[in-house]
Amino acid sequence: MADAKLLAIALILAGEALAIYAEMLGAKAYAESSPFLAAFLKMLLVMTVGGGFLIAGYMLGFQAFQNIWIVTAASITSILIIEPILAYTLFQQLPTKGAMVGLALGLAGFLAALFF
């Protein structure tokens, strides 16, 4: 059972990471004068893989946790962790103080959903 929970969370993390990566890289490529359609189609492929991981993660997560809210908390928390990292990596911009507070609160919410 613990393995299924870890797999579900890993799939959700990977899916969210790929989806956010596709969004940000597409925005960056288009801003740097890439043709819209070329950037869009490349990122659509990445987003499709990420979406598949997310669907699998949600399916396995609901089966393992028997609670959609835990799966939802995992998804939201993964976004709060991954997005600032990718934003800095791709755009070289640090998150603001408010974004850091949001990350901390998201992590607290995820832990609360798992353990209470």
# chains A, B, ... in the order shown; residues from 1 in each chain; ligands from 1
>>> residues_around(residues="Thr72 of chain A", least_positions_apart="4", cutoff="10 Å", atoms="only C-alpha atoms", output="PyMOL selection string")
chain A and resi 12+58+61-62+67-68+76-78+110+113
>>> residues_around(residues="Leu6 of chain A", least_positions_apart="2", cutoff="12 Å", atoms="only C-alpha atoms", output="list of chain:residue names")
A:Met1, A:Ala2, A:Asp3, A:Ala4, A:Ala8, A:Ile9, A:Ala10, A:Leu11, A:Ile12, A:Leu13, A:Gly57, A:Leu60, A:Gly61, A:Ala64, A:Phe65, A:Val71, A:Ala74
>>> write_last_selection(atoms="C-alpha atoms", output="mmCIF file, in the first residue's frame")
data_model
loop_
_atom_site.group_PDB
_atom_site.id
_atom_site.type_symbol
_atom_site.label_atom_id
_atom_site.label_comp_id
_atom_site.auth_asym_id
_atom_site.auth_seq_id
_atom_site.Cartn_x
_atom_site.Cartn_y
_atom_site.Cartn_z
ATOM 1 C CA MET A 1 0.000 0.000 0.000
ATOM 2 C CA ALA A 2 2.819 2.419 0.843
ATOM 3 C CA ASP A 3 4.436 1.675 -2.522
ATOM 4 C CA ALA A 4 1.224 2.576 -4.345
ATOM 5 C CA ALA A 8 0.968 7.960 -7.103
ATOM 6 C CA ILE A 9 2.724 10.961 -5.576
ATOM 7 C CA ALA A 10 5.751 10.454 -7.851
ATOM 8 C CA LEU A 11 3.512 10.349 -10.932
ATOM 9 C CA ILE A 12 1.712 13.499 -9.826
ATOM 10 C CA LEU A 13 5.025 15.274 -9.201
ATOM 11 C CA GLY A 57 -1.231 9.529 -10.544
ATOM 12 C CA LEU A 60 -3.540 5.294 -8.462
ATOM 13 C CA GLY A 61 -3.660 7.944 -5.742
ATOM 14 C CA ALA A 64 -4.304 4.001 -2.595
ATOM 15 C CA PHE A 65 -5.494 6.840 -0.343
ATOM 16 C CA VAL A 71 -4.491 13.457 -4.010
ATOM 17 C CA ALA A 74 -0.404 16.391 -3.357
#
>>> closest_residue(among="A:Met24, A:Gly102, A:Val49, A:Lys97", to="Ile81 of chain A", atoms="only C-alpha atoms")
A:Gly102
>>> atom_distance(atom1="atom CA of Lys5 of chain A", atom2="atom CA of Tyr21 of chain A")
24.0 Å
>>> closest_residue(among="A:Leu80, A:Leu90, A:Ala108, A:Val101", to="Ala29 of chain A", atoms="only C-alpha atoms")
A:Leu90
>>> closest_residue(among="A:Leu7, A:Leu111, A:Ala56, A:Met47", to="Gly26 of chain A", atoms="only C-alpha atoms")
A:Met47
>>> select_by_dssp(residues="segment 61-102 of chain A", states="helix (DSSP H, G or I)", output="NGL selection string")
:A and (61-65 or 68-91 or 97-102)
>>> atom_distance(atom1="atom CA of Phe36 of chain A", atom2="atom CA of Glu23 of chain A")
12.8 Å
>>> atom_distance(atom1="atom CA of Lys42 of chain A", atom2="atom CA of Pro95 of chain A")
26.9 Å
>>> closest_residue(among="A:Ile82, A:Ala22, A:Ala112, A:Ala14", to="Trp69 of chain A", atoms="only C-alpha atoms")
A:Ala112
>>> residues_around(residues="Pro84 of chain A", least_positions_apart="3", cutoff="9 Å", atoms="only C-alpha atoms", output="PyMOL selection string")
chain A and resi 79-81+87-89+93-95+99-100+103
>>> write_last_selection(atoms="N, CA and C atoms", output="PDB file, in the first residue's frame")
ATOM      1  N   ILE A  79       2.807  21.603  -7.329  1.00  0.00           N
ATOM      2  CA  ILE A  79       2.866  22.833  -8.127  1.00  0.00           C
ATOM      3  C   ILE A  79       3.592  23.924  -7.346  1.00  0.00           C
ATOM      4  N   LEU A  80       3.264  24.042  -6.059  1.00  0.00           N
ATOM      5  CA  LEU A  80       3.878  25.087  -5.243  1.00  0.00           C
ATOM      6  C   LEU A  80       5.372  24.879  -5.050  1.00  0.00           C
ATOM      7  N   ILE A  81       5.825  23.648  -5.137  1.00  0.00           N
ATOM      8  CA  ILE A  81       7.254  23.366  -4.988  1.00  0.00           C
ATOM      9  C   ILE A  81       7.969  23.486  -6.335  1.00  0.00           C
ATOM     10  N   ALA A  87      10.701  28.310 -12.485  1.00  0.00           N
ATOM     11  CA  ALA A  87      10.725  29.734 -12.830  1.00  0.00           C
ATOM     12  C   ALA A  87      12.136  30.290 -12.679  1.00  0.00           C
ATOM     13  N   TYR A  88      12.789  29.930 -11.583  1.00  0.00           N
ATOM     14  CA  TYR A  88      14.156  30.414 -11.391  1.00  0.00           C
ATOM     15  C   TYR A  88      15.104  29.802 -12.421  1.00  0.00           C
ATOM     16  N   THR A  89      14.966  28.507 -12.653  1.00  0.00           N
ATOM     17  CA  THR A  89      15.858  27.815 -13.584  1.00  0.00           C
ATOM     18  C   THR A  89      15.729  28.363 -15.002  1.00  0.00           C
ATOM     19  N   GLN A  93      14.652  34.251 -12.192  1.00  0.00           N
ATOM     20  CA  GLN A  93      13.931  35.161 -11.313  1.00  0.00           C
ATOM     21  C   GLN A  93      13.633  34.439 -10.009  1.00  0.00           C
ATOM     22  N   LEU A  94      13.914  35.112  -8.895  1.00  0.00           N
ATOM     23  CA  LEU A  94      13.636  34.540  -7.585  1.00  0.00           C
ATOM     24  C   LEU A  94      12.173  34.772  -7.215  1.00  0.00           C
ATOM     25  N   PRO A  95      11.576  33.849  -6.447  1.00  0.00           N
ATOM     26  CA  PRO A  95      10.204  34.076  -5.984  1.00  0.00           C
ATOM     27  C   PRO A  95      10.169  35.217  -4.975  1.00  0.00           C
ATOM     28  N   ALA A  99       5.369  34.626  -2.448  1.00  0.00           N
ATOM     29  CA  ALA A  99       5.419  33.298  -3.061  1.00  0.00           C
ATOM     30  C   ALA A  99       6.060  32.291  -2.113  1.00  0.00           C
ATOM     31  N   MET A 100       7.056  32.724  -1.366  1.00  0.00           N
ATOM     32  CA  MET A 100       7.699  31.826  -0.400  1.00  0.00           C
ATOM     33  C   MET A 100       6.736  31.468   0.736  1.00  0.00           C
ATOM     34  N   LEU A 103       4.349  28.894  -0.608  1.00  0.00           N
ATOM     35  CA  LEU A 103       4.992  27.585  -0.663  1.00  0.00           C
ATOM     36  C   LEU A 103       4.962  26.920   0.709  1.00  0.00           C
TER      37      LEU A 103
END
>>> closest_residue(among="A:Ile70, A:Ala19, A:Ala39, A:Leu86", to="Gly51 of chain A", atoms="only C-alpha atoms")
A:Ala19
